[in-house]
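Contents: one structure, followed by commentary.
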There are 2 protein chains.
Amino acid sequence: MIEHKNISQPIYLKLKEMILNGELKQGEKIIQEKIAESLGVSRTPLMKALLALENEYLVESIPRRGVFIKSFDKKEMIDIYICREALEGMAARLLAEAQDDKIVKQLKRCFTPFLKKKKINIEAYSKADEKFHSLLITLTGNAPLDKVYFFGKIHDKVTGHGLIRTPEETLEEHFNIIQAISKGDADEAEKLVRLHIKKSRELLFNQ
Amino acid sequence: MIEHKNISQPIYLKLKEMILNGELKQGEKIIQEKIAESLGVSRTPLMKALLALENEYLVESIPRRGVFIKSFDKKEMIDIYICREALEGMAARLLAEAQDDKIVKQLKRCFTPFLKKKKINIEAYSKADEKFHSLLITLTGNAPLDKVYFFGKIHDKVTGHGLIRTPEETLEEHFNIIQAISKGDADEAEKLVRLHIKKSRELLFNQ
DNA sequence: TTTTTGTATTTTGTATACAAAATACAATTA
DNA sequence: TAATTGTATTTTGTATACAAAATACAAAAA
């Protein structure tokens, strides 16, 4: 029955999924024994998973009170977007400085499927968008940057709304960013990424 | 004997201190049972503390192998400095936008003790420097930014060298940053902070 | 009625126990 | 000698146990 292969990793992933898809709701308390039982594990690896989630800002632990699904207020959401501006902006700068064709190709590949289409599938575009923004970070090869960047995944899922702006509006912005990167124009690349995120941030609560 | 008040917090702090002051050396393996015994606790709260440290990049866990004091290679140190440029740069921008006299006062207070002196005490200046950089972050009031900023504390302690540049060189830079913030010149404040960190980064391995 | 107090129940934080994996090291073989 | 295998020891990952804190809730008091 005992099979030591890292149980807390799957628990962590499962809980993360449950949080991001709303199965566990904001503010909800995690009753460890119950969750552990429902997942068929003991509390020890569950606690490990919860610790990891806490460090990703998905869960909040109040000592002696319990662990709660993190809920984000208006200010906090805005603050997260500001962090994204800083981190993704820097990432774009680094990618532009790298002057690497492979990087540019990978970034382009996210959005080429949507170029010819008249009607863009929101679901698919939303995924591409998330992929693009996380690629921006990982392609830098900067491990600390990657470690620190866990806001990208929170972004729209937790807020409820899928996309903040229409694909028609953002598709061009995405390609402009990619172009600046491919030209090696670091200042421009950073500026465009920041503006791109800032525009969404300003619309966050004005919909 | 059992006294439930949050044992893992003190363990976390103690270990952090031991890592930062070199009592636990880079690459060293943490043998949980031994550390737990030496601290007079069990492995459970110790593991919690280790998880927290892992998320602060001070410790690295390899499944089934153990937890090791994180060691930083050249590239990783540079990458950390790049993150700091992004985060502290954004922080300076936010503080400049805030236009708050109290903030400016607090920042100034870090370095005023060194203004009149001919000979600056390195130890004291080093502390002031660390205080200044962490203030930059906390004064923004941006909680996610603060959560993500754990590099500042790693910086020189783990590298071994205390200060990378002389107080004579950096004191003026610090005041220029503060001035830009007090003027509300966000672009300039961000630019100066980035340059300030970049200069140190470029000297990291050229000493 | 609303508030307060006391008690039972639940839940957390920590300690301990134990199986499986990793490691160390001696004996064996080439 | 160096490489390999086998066994004992150590160490990790998980489960379980239990005391103290938190919570729920009923009874008593205002």
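Residues are referred to by chain and number: the chain letter is A, B, ... according to the order shown in the structure tokens, the number counts from 1 in that chain, and ligands are numbered separately from 1 in the order shown.
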
Both chains have the same sequence, so match all Cα atoms in order, fit chain A onto chain B by least squares, and return it as a PDB file with C-alpha atoms, in the first residue's frame.
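Final output, selection24.pdb:
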ATOM      1  CA  MET A   1       6.337  20.121  27.578  1.00  0.00           C
ATOM      2  CA  ILE A   2       4.127  20.555  24.554  1.00  0.00           C
ATOM      3  CA  GLU A   3       3.600  24.235  23.919  1.00  0.00           C
ATOM      4  CA  HIS A   4       1.774  25.018  20.711  1.00  0.00           C
ATOM      5  CA  LYS A   5       2.757  28.484  19.646  1.00  0.00           C
ATOM      6  CA  ASN A   6       4.190  27.948  16.219  1.00  0.00           C
ATOM      7  CA  ILE A   7       7.457  26.188  16.508  1.00  0.00           C
ATOM      8  CA  SER A   8       8.172  26.167  12.814  1.00  0.00           C
ATOM      9  CA  GLN A   9       8.410  29.967  12.684  1.00  0.00           C
ATOM     10  CA  PRO A  10      11.368  30.141  15.101  1.00  0.00           C
ATOM     11  CA  ILE A  11      12.932  27.144  13.381  1.00  0.00           C
ATOM     12  CA  TYR A  12      12.572  28.894  10.065  1.00  0.00           C
ATOM     13  CA  LEU A  13      14.175  32.069  11.435  1.00  0.00           C
ATOM     14  CA  LYS A  14      16.984  30.175  13.116  1.00  0.00           C
ATOM     15  CA  LEU A  15      17.820  28.197   9.995  1.00  0.00           C
ATOM     16  CA  LYS A  16      17.650  31.301   7.855  1.00  0.00           C
ATOM     17  CA  GLU A  17      20.112  33.027  10.152  1.00  0.00           C
ATOM     18  CA  MET A  18      22.398  30.000  10.101  1.00  0.00           C
ATOM     19  CA  ILE A  19      22.354  30.002   6.318  1.00  0.00           C
ATOM     20  CA  LEU A  20      22.914  33.727   5.943  1.00  0.00           C
ATOM     21  CA  ASN A  21      25.757  33.871   8.443  1.00  0.00           C
ATOM     22  CA  GLY A  22      27.450  30.873   6.915  1.00  0.00           C
ATOM     23  CA  GLU A  23      26.969  28.496   9.823  1.00  0.00           C
ATOM     24  CA  LEU A  24      25.366  26.199   7.307  1.00  0.00           C
ATOM     25  CA  LYS A  25      27.451  26.155   4.179  1.00  0.00           C
ATOM     26  CA  GLN A  26      26.428  26.141   0.554  1.00  0.00           C
ATOM     27  CA  GLY A  27      25.789  22.670  -0.788  1.00  0.00           C
ATOM     28  CA  GLU A  28      25.652  21.193   2.693  1.00  0.00           C
ATOM     29  CA  LYS A  29      23.010  18.586   3.282  1.00  0.00           C
ATOM     30  CA  ILE A  30      20.539  19.100   6.059  1.00  0.00           C
ATOM     31  CA  ILE A  31      20.166  15.893   7.970  1.00  0.00           C
ATOM     32  CA  GLN A  32      16.732  16.420   9.359  1.00  0.00           C
ATOM     33  CA  GLU A  33      16.952  14.222  12.401  1.00  0.00           C
ATOM     34  CA  LYS A  34      20.180  15.857  13.519  1.00  0.00           C
ATOM     35  CA  ILE A  35      19.034  19.430  13.027  1.00  0.00           C
ATOM     36  CA  ALA A  36      15.697  18.625  14.630  1.00  0.00           C
ATOM     37  CA  GLU A  37      17.411  17.125  17.631  1.00  0.00           C
ATOM     38  CA  SER A  38      19.868  19.982  17.957  1.00  0.00           C
ATOM     39  CA  LEU A  39      16.962  22.413  17.954  1.00  0.00           C
ATOM     40  CA  GLY A  40      14.977  20.226  20.307  1.00  0.00           C
ATOM     41  CA  VAL A  41      12.012  19.705  18.002  1.00  0.00           C
ATOM     42  CA  SER A  42      10.635  16.941  15.860  1.00  0.00           C
ATOM     43  CA  ARG A  43      10.982  16.606  12.132  1.00  0.00           C
ATOM     44  CA  THR A  44       7.446  17.738  11.341  1.00  0.00           C
ATOM     45  CA  PRO A  45       7.830  21.454  12.100  1.00  0.00           C
ATOM     46  CA  LEU A  46      11.378  21.343  10.751  1.00  0.00           C
ATOM     47  CA  MET A  47      10.068  20.134   7.421  1.00  0.00           C
ATOM     48  CA  LYS A  48       7.626  23.008   7.396  1.00  0.00           C
ATOM     49  CA  ALA A  49      10.455  25.447   7.949  1.00  0.00           C
ATOM     50  CA  LEU A  50      12.509  23.815   5.213  1.00  0.00           C
ATOM     51  CA  LEU A  51       9.608  24.109   2.796  1.00  0.00           C
ATOM     52  CA  ALA A  52       9.414  27.822   3.529  1.00  0.00           C
ATOM     53  CA  LEU A  53      13.143  28.203   3.010  1.00  0.00           C
ATOM     54  CA  GLU A  54      12.931  26.322  -0.249  1.00  0.00           C
ATOM     55  CA  ASN A  55      10.420  28.806  -1.491  1.00  0.00           C
ATOM     56  CA  GLU A  56      12.805  31.601  -0.624  1.00  0.00           C
ATOM     57  CA  TYR A  57      15.496  30.010  -2.669  1.00  0.00           C
ATOM     58  CA  LEU A  58      17.746  29.445   0.321  1.00  0.00           C
ATOM     59  CA  VAL A  59      17.468  25.686   0.283  1.00  0.00           C
ATOM     60  CA  GLU A  60      16.962  23.105  -2.408  1.00  0.00           C
ATOM     61  CA  SER A  61      15.083  19.856  -1.992  1.00  0.00           C
ATOM     62  CA  ILE A  62      15.877  16.870  -4.124  1.00  0.00           C
ATOM     63  CA  PRO A  63      13.207  14.208  -3.648  1.00  0.00           C
ATOM     64  CA  ARG A  64      14.374  11.129  -1.800  1.00  0.00           C
ATOM     65  CA  ARG A  65      17.838  12.650  -1.575  1.00  0.00           C
ATOM     66  CA  GLY A  66      17.408  15.384   0.958  1.00  0.00           C
ATOM     67  CA  VAL A  67      17.435  19.115   1.469  1.00  0.00           C
ATOM     68  CA  PHE A  68      20.601  21.022   0.680  1.00  0.00           C
ATOM     69  CA  ILE A  69      21.726  24.556   1.372  1.00  0.00           C
ATOM     70  CA  LYS A  70      21.347  26.267  -1.959  1.00  0.00           C
ATOM     71  CA  SER A  71      24.533  27.228  -3.679  1.00  0.00           C
ATOM     72  CA  PHE A  72      24.536  29.924  -6.301  1.00  0.00           C
ATOM     73  CA  ASP A  73      26.675  29.807  -9.369  1.00  0.00           C
ATOM     74  CA  LYS A  74      27.769  32.851 -11.309  1.00  0.00           C
ATOM     75  CA  LYS A  75      24.842  32.853 -13.688  1.00  0.00           C
ATOM     76  CA  GLU A  76      22.332  32.433 -10.911  1.00  0.00           C
ATOM     77  CA  MET A  77      23.724  35.334  -8.939  1.00  0.00           C
ATOM     78  CA  ILE A  78      23.535  37.514 -12.015  1.00  0.00           C
ATOM     79  CA  ASP A  79      19.989  36.355 -12.651  1.00  0.00           C
ATOM     80  CA  ILE A  80      19.023  37.277  -9.099  1.00  0.00           C
ATOM     81  CA  TYR A  81      20.393  40.752  -9.626  1.00  0.00           C
ATOM     82  CA  ILE A  82      18.374  41.032 -12.813  1.00  0.00           C
ATOM     83  CA  CYS A  83      15.249  40.189 -10.836  1.00  0.00           C
ATOM     84  CA  ARG A  84      16.159  42.827  -8.316  1.00  0.00           C
ATOM     85  CA  GLU A  85      16.504  45.351 -11.125  1.00  0.00           C
ATOM     86  CA  ALA A  86      13.002  44.542 -12.291  1.00  0.00           C
ATOM     87  CA  LEU A  87      11.381  44.552  -8.860  1.00  0.00           C
ATOM     88  CA  GLU A  88      13.195  47.386  -7.149  1.00  0.00           C
ATOM     89  CA  GLY A  89      12.982  49.437 -10.309  1.00  0.00           C
ATOM     90  CA  MET A  90       9.231  49.057 -10.332  1.00  0.00           C
ATOM     91  CA  ALA A  91       9.118  49.823  -6.616  1.00  0.00           C
ATOM     92  CA  ALA A  92      10.957  53.104  -7.119  1.00  0.00           C
ATOM     93  CA  ARG A  93       8.515  53.980  -9.872  1.00  0.00           C
ATOM     94  CA  LEU A  94       5.560  53.314  -7.611  1.00  0.00           C
ATOM     95  CA  LEU A  95       7.043  55.336  -4.768  1.00  0.00           C
ATOM     96  CA  ALA A  96       7.680  58.264  -7.089  1.00  0.00           C
ATOM     97  CA  GLU A  97       4.103  58.083  -8.282  1.00  0.00           C
ATOM     98  CA  ALA A  98       2.861  58.015  -4.701  1.00  0.00           C
ATOM     99  CA  GLN A  99       4.313  61.484  -3.979  1.00  0.00           C
ATOM    100  CA  ASP A 100       4.383  60.921  -0.254  1.00  0.00           C
ATOM    101  CA  ASP A 101       6.634  62.985   2.019  1.00  0.00           C
ATOM    102  CA  LYS A 102       6.673  60.331   4.698  1.00  0.00           C
ATOM    103  CA  ILE A 103       8.120  57.841   2.266  1.00  0.00           C
ATOM    104  CA  VAL A 104      10.861  60.216   1.224  1.00  0.00           C
ATOM    105  CA  LYS A 105      11.703  60.950   4.837  1.00  0.00           C
ATOM    106  CA  GLN A 106      12.008  57.289   5.704  1.00  0.00           C
ATOM    107  CA  LEU A 107      14.285  56.633   2.782  1.00  0.00           C
ATOM    108  CA  LYS A 108      16.475  59.620   3.637  1.00  0.00           C
ATOM    109  CA  ARG A 109      16.771  58.518   7.225  1.00  0.00           C
ATOM    110  CA  CYS A 110      18.721  55.452   6.114  1.00  0.00           C
ATOM    111  CA  PHE A 111      21.652  57.491   4.921  1.00  0.00           C
ATOM    112  CA  THR A 112      21.637  60.818   6.776  1.00  0.00           C
ATOM    113  CA  PRO A 113      23.949  59.384   9.473  1.00  0.00           C
ATOM    114  CA  PHE A 114      26.657  59.024   6.848  1.00  0.00           C
ATOM    115  CA  LEU A 115      26.373  62.459   5.312  1.00  0.00           C
ATOM    116  CA  LYS A 116      28.665  64.463   7.530  1.00  0.00           C
ATOM    117  CA  LYS A 117      31.154  61.744   8.292  1.00  0.00           C
ATOM    118  CA  LYS A 118      34.485  61.627   6.573  1.00  0.00           C
ATOM    119  CA  LYS A 119      35.046  57.987   7.341  1.00  0.00           C
ATOM    120  CA  ILE A 120      32.079  55.714   6.829  1.00  0.00           C
ATOM    121  CA  ASN A 121      31.744  52.564   8.877  1.00  0.00           C
ATOM    122  CA  ILE A 122      31.357  49.766   6.381  1.00  0.00           C
ATOM    123  CA  GLU A 123      29.353  47.540   8.691  1.00  0.00           C
ATOM    124  CA  ALA A 124      26.829  50.265   9.465  1.00  0.00           C
ATOM    125  CA  TYR A 125      26.601  51.393   5.879  1.00  0.00           C
ATOM    126  CA  SER A 126      26.047  47.846   4.708  1.00  0.00           C
ATOM    127  CA  LYS A 127      23.091  47.527   7.050  1.00  0.00           C
ATOM    128  CA  ALA A 128      21.700  50.872   5.939  1.00  0.00           C
ATOM    129  CA  ASP A 129      22.029  49.770   2.350  1.00  0.00           C
ATOM    130  CA  GLU A 130      20.068  46.597   2.977  1.00  0.00           C
ATOM    131  CA  LYS A 131      17.451  48.564   4.898  1.00  0.00           C
ATOM    132  CA  PHE A 132      17.108  51.043   2.061  1.00  0.00           C
ATOM    133  CA  HIS A 133      16.584  48.417  -0.584  1.00  0.00           C
ATOM    134  CA  SER A 134      14.035  46.508   1.441  1.00  0.00           C
ATOM    135  CA  LEU A 135      12.247  49.760   2.323  1.00  0.00           C
ATOM    136  CA  LEU A 136      11.977  50.497  -1.366  1.00  0.00           C
ATOM    137  CA  ILE A 137       9.842  47.392  -1.637  1.00  0.00           C
ATOM    138  CA  THR A 138       7.789  47.507   1.545  1.00  0.00           C
ATOM    139  CA  LEU A 139       6.917  51.191   1.310  1.00  0.00           C
ATOM    140  CA  THR A 140       5.050  50.528  -1.917  1.00  0.00           C
ATOM    141  CA  GLY A 141       2.415  48.710   0.123  1.00  0.00           C
ATOM    142  CA  ASN A 142       2.240  46.173  -2.684  1.00  0.00           C
ATOM    143  CA  ALA A 143       1.922  42.850  -0.862  1.00  0.00           C
ATOM    144  CA  PRO A 144       2.534  40.568  -3.834  1.00  0.00           C
ATOM    145  CA  LEU A 145       5.665  42.544  -4.682  1.00  0.00           C
ATOM    146  CA  ASP A 146       6.865  42.127  -1.138  1.00  0.00           C
ATOM    147  CA  LYS A 147       6.156  38.422  -1.205  1.00  0.00           C
ATOM    148  CA  VAL A 148       8.146  37.981  -4.353  1.00  0.00           C
ATOM    149  CA  TYR A 149      11.101  39.971  -3.131  1.00  0.00           C
ATOM    150  CA  PHE A 150      13.332  37.679  -1.173  1.00  0.00           C
ATOM    151  CA  PHE A 151      16.464  38.241  -3.179  1.00  0.00           C
ATOM    152  CA  GLY A 152      17.465  41.389  -1.371  1.00  0.00           C
ATOM    153  CA  LYS A 153      18.339  39.435   1.702  1.00  0.00           C
ATOM    154  CA  ILE A 154      20.310  36.816  -0.142  1.00  0.00           C
ATOM    155  CA  HIS A 155      22.424  39.257  -1.978  1.00  0.00           C
ATOM    156  CA  ASP A 156      25.785  39.904  -0.461  1.00  0.00           C
ATOM    157  CA  LYS A 157      25.624  37.624   2.567  1.00  0.00           C
ATOM    158  CA  VAL A 158      25.491  34.476   0.556  1.00  0.00           C
ATOM    159  CA  THR A 159      27.979  35.694  -2.003  1.00  0.00           C
ATOM    160  CA  GLY A 160      30.508  36.281   0.719  1.00  0.00           C
ATOM    161  CA  HIS A 161      31.437  39.865   0.009  1.00  0.00           C
ATOM    162  CA  GLY A 162      29.670  42.441   2.127  1.00  0.00           C
ATOM    163  CA  LEU A 163      29.520  45.470  -0.091  1.00  0.00           C
ATOM    164  CA  ILE A 164      30.280  45.272  -3.751  1.00  0.00           C
ATOM    165  CA  ARG A 165      31.030  48.947  -4.179  1.00  0.00           C
ATOM    166  CA  THR A 166      32.353  51.592  -1.821  1.00  0.00           C
ATOM    167  CA  PRO A 167      30.014  53.833   0.190  1.00  0.00           C
ATOM    168  CA  GLU A 168      31.689  56.819  -1.423  1.00  0.00           C
ATOM    169  CA  GLU A 169      30.456  55.604  -4.774  1.00  0.00           C
ATOM    170  CA  THR A 170      26.953  54.495  -3.841  1.00  0.00           C
ATOM    171  CA  LEU A 171      25.945  57.135  -1.286  1.00  0.00           C
ATOM    172  CA  GLU A 172      25.410  59.718  -3.973  1.00  0.00           C
ATOM    173  CA  GLU A 173      23.476  57.247  -6.101  1.00  0.00           C
ATOM    174  CA  HIS A 174      21.178  56.528  -3.185  1.00  0.00           C
ATOM    175  CA  PHE A 175      20.426  60.209  -2.720  1.00  0.00           C
ATOM    176  CA  ASN A 176      19.856  60.709  -6.412  1.00  0.00           C
ATOM    177  CA  ILE A 177      17.301  57.919  -6.302  1.00  0.00           C
ATOM    178  CA  ILE A 178      15.589  59.485  -3.331  1.00  0.00           C
ATOM    179  CA  GLN A 179      15.558  62.848  -5.043  1.00  0.00           C
ATOM    180  CA  ALA A 180      13.925  61.441  -8.155  1.00  0.00           C
ATOM    181  CA  ILE A 181      11.295  59.804  -5.960  1.00  0.00           C
ATOM    182  CA  SER A 182      10.647  63.010  -4.064  1.00  0.00           C
ATOM    183  CA  LYS A 183      10.309  64.941  -7.312  1.00  0.00           C
ATOM    184  CA  GLY A 184       7.778  62.387  -8.468  1.00  0.00           C
ATOM    185  CA  ASP A 185       9.887  61.573 -11.501  1.00  0.00           C
ATOM    186  CA  ALA A 186       8.925  57.924 -11.874  1.00  0.00           C
ATOM    187  CA  ASP A 187      10.886  57.242 -15.053  1.00  0.00           C
ATOM    188  CA  GLU A 188      14.039  58.709 -13.573  1.00  0.00           C
ATOM    189  CA  ALA A 189      13.592  56.900 -10.253  1.00  0.00           C
ATOM    190  CA  GLU A 190      13.225  53.554 -11.962  1.00  0.00           C
ATOM    191  CA  LYS A 191      16.122  54.235 -14.291  1.00  0.00           C
ATOM    192  CA  LEU A 192      18.452  55.208 -11.453  1.00  0.00           C
ATOM    193  CA  VAL A 193      17.580  52.181  -9.315  1.00  0.00           C
ATOM    194  CA  ARG A 194      18.172  49.857 -12.207  1.00  0.00           C
ATOM    195  CA  LEU A 195      21.481  51.447 -13.030  1.00  0.00           C
ATOM    196  CA  HIS A 196      22.475  51.332  -9.372  1.00  0.00           C
ATOM    197  CA  ILE A 197      21.886  47.585  -9.166  1.00  0.00           C
ATOM    198  CA  LYS A 198      23.264  46.927 -12.620  1.00  0.00           C
ATOM    199  CA  LYS A 199      26.576  48.560 -11.727  1.00  0.00           C
ATOM    200  CA  SER A 200      26.928  46.225  -8.774  1.00  0.00           C
ATOM    201  CA  ARG A 201      25.886  43.263 -10.838  1.00  0.00           C
ATOM    202  CA  GLU A 202      28.578  43.983 -13.405  1.00  0.00           C
ATOM    203  CA  LEU A 203      31.175  44.100 -10.658  1.00  0.00           C
ATOM    204  CA  LEU A 204      29.947  40.917  -8.959  1.00  0.00           C
ATOM    205  CA  PHE A 205      32.618  38.706 -10.427  1.00  0.00           C
ATOM    206  CA  ASN A 206      35.182  41.294 -11.475  1.00  0.00           C
ATOM    207  CA  GLN A 207      36.623  42.102  -8.108  1.00  0.00           C
TER     208      GLN A 207
END

Task: Per-residue DSSP, stretch 13-207 of chain A, filtered to strand (DSSP E), as an MDAnalysis selection string - done: chainID A and resid 29:30 59:62 66:69

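Picture a line from atom C1' of D:DA3 to atom C1' of C:DT23; it runs 18.0 Å.
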
Quick one: contact table of chain C to chain B, 10 Å max, nearest atom pair and distance in Å to one decimal per residue, counting only C-alpha atoms (C1' of nucleotides), chain and number order, as JSON lines?
{"residue": "C:DT12", "atom": "C1'", "partner": "B:His4", "partner_atom": "CA", "distance": 9.6}
{"residue": "C:DG13", "atom": "C1'", "partner": "B:His4", "partner_atom": "CA", "distance": 6.4}
{"residue": "C:DT14", "atom": "C1'", "partner": "B:Thr44", "partner_atom": "CA", "distance": 6.7}
{"residue": "C:DA15", "atom": "C1'", "partner": "B:Ser42", "partner_atom": "CA", "distance": 6.1}
{"residue": "C:DT16", "atom": "C1'", "partner": "B:Ser42", "partner_atom": "CA", "distance": 8.7}
{"residue": "C:DA21", "atom": "C1'", "partner": "B:Arg64", "partner_atom": "CA", "distance": 6.9}
{"residue": "C:DA22", "atom": "C1'", "partner": "B:Arg65", "partner_atom": "CA", "distance": 7.0}
{"residue": "C:DT23", "atom": "C1'", "partner": "B:Arg65", "partner_atom": "CA", "distance": 9.9}

- [ ] Could you list the residues in chain D lying within 10 Å of chain B, using only C-alpha atoms (C1' of nucleotides), and format the result as an MDAnalysis selection string?
- [x] chainID D and resid 11:13 19:21

Restricted to N, CA and C atoms (P, O5', C5', C4', C3', O3' and C1' of nucleotides), what would the selected residues look like written as a CSV table (one decimal), in the first residue's frame?
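This went into result.csv:
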chain,number,residue,atom,x,y,z
D,11,DT,P,22.1,9.8,8.8
D,11,DT,O5',20.8,10.0,7.8
D,11,DT,C5',21.0,10.0,6.4
D,11,DT,C4',19.7,10.0,5.7
D,11,DT,C3',18.7,11.0,6.3
D,11,DT,O3',18.2,11.9,5.3
D,11,DT,C1',17.6,9.0,6.0
D,12,DT,P,17.3,13.1,5.6
D,12,DT,O5',16.0,12.8,4.7
D,12,DT,C5',16.3,12.4,3.3
D,12,DT,C4',15.1,11.6,2.8
D,12,DT,C3',13.8,12.4,2.9
D,12,DT,O3',13.3,12.5,1.6
D,12,DT,C1',13.6,10.2,3.8
D,13,DG,P,12.0,13.4,1.3
D,13,DG,O5',10.8,12.4,1.5
D,13,DG,C5',10.5,11.4,0.5
D,13,DG,C4',9.3,10.6,0.9
D,13,DG,C3',8.0,11.5,1.0
D,13,DG,O3',7.0,10.9,0.4
D,13,DG,C1',8.4,10.2,3.0
D,19,DA,P,-2.7,13.0,25.1
D,19,DA,O5',-2.3,14.5,25.5
D,19,DA,C5',-0.9,14.9,25.3
D,19,DA,C4',-0.9,16.3,24.9
D,19,DA,C3',-1.7,17.3,25.7
D,19,DA,O3',-1.1,18.5,25.9
D,19,DA,C1',-2.4,17.4,23.4
D,20,DA,P,-1.6,19.7,26.8
D,20,DA,O5',-2.1,20.8,25.8
D,20,DA,C5',-1.1,21.4,25.0
D,20,DA,C4',-1.8,22.3,24.0
D,20,DA,C3',-2.7,23.4,24.6
D,20,DA,O3',-2.5,24.5,23.8
D,20,DA,C1',-3.9,22.1,23.0
D,21,DA,P,-3.0,26.0,24.4
D,21,DA,O5',-3.8,26.5,23.2
D,21,DA,C5',-3.2,26.6,21.9
D,21,DA,C4',-4.3,26.6,20.8
D,21,DA,C3',-5.3,27.7,21.0
D,21,DA,O3',-5.3,28.4,19.8
D,21,DA,C1',-6.3,25.5,20.6

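Here atom C1' of D:DA2 stands at a distance of 10.6 Å from atom C1' of C:DT29.
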
Open item on the list: Quick check for you: according to DSSP on this backbone, which residues of stretch 51-200 of chain A are classed as helix (DSSP H, G or I)? Reply as a PyMOL selection string.
Closed with: chain A and resi 51-55+74-98+101-114+122-138+143-148+151-159+167-183+186-200

TODO: Kindly give the distance, in Å, that separates atom C1' of D:DC18 and atom C1' of C:DA20, rounded to a single decimal.
DONE: 26.0 Å
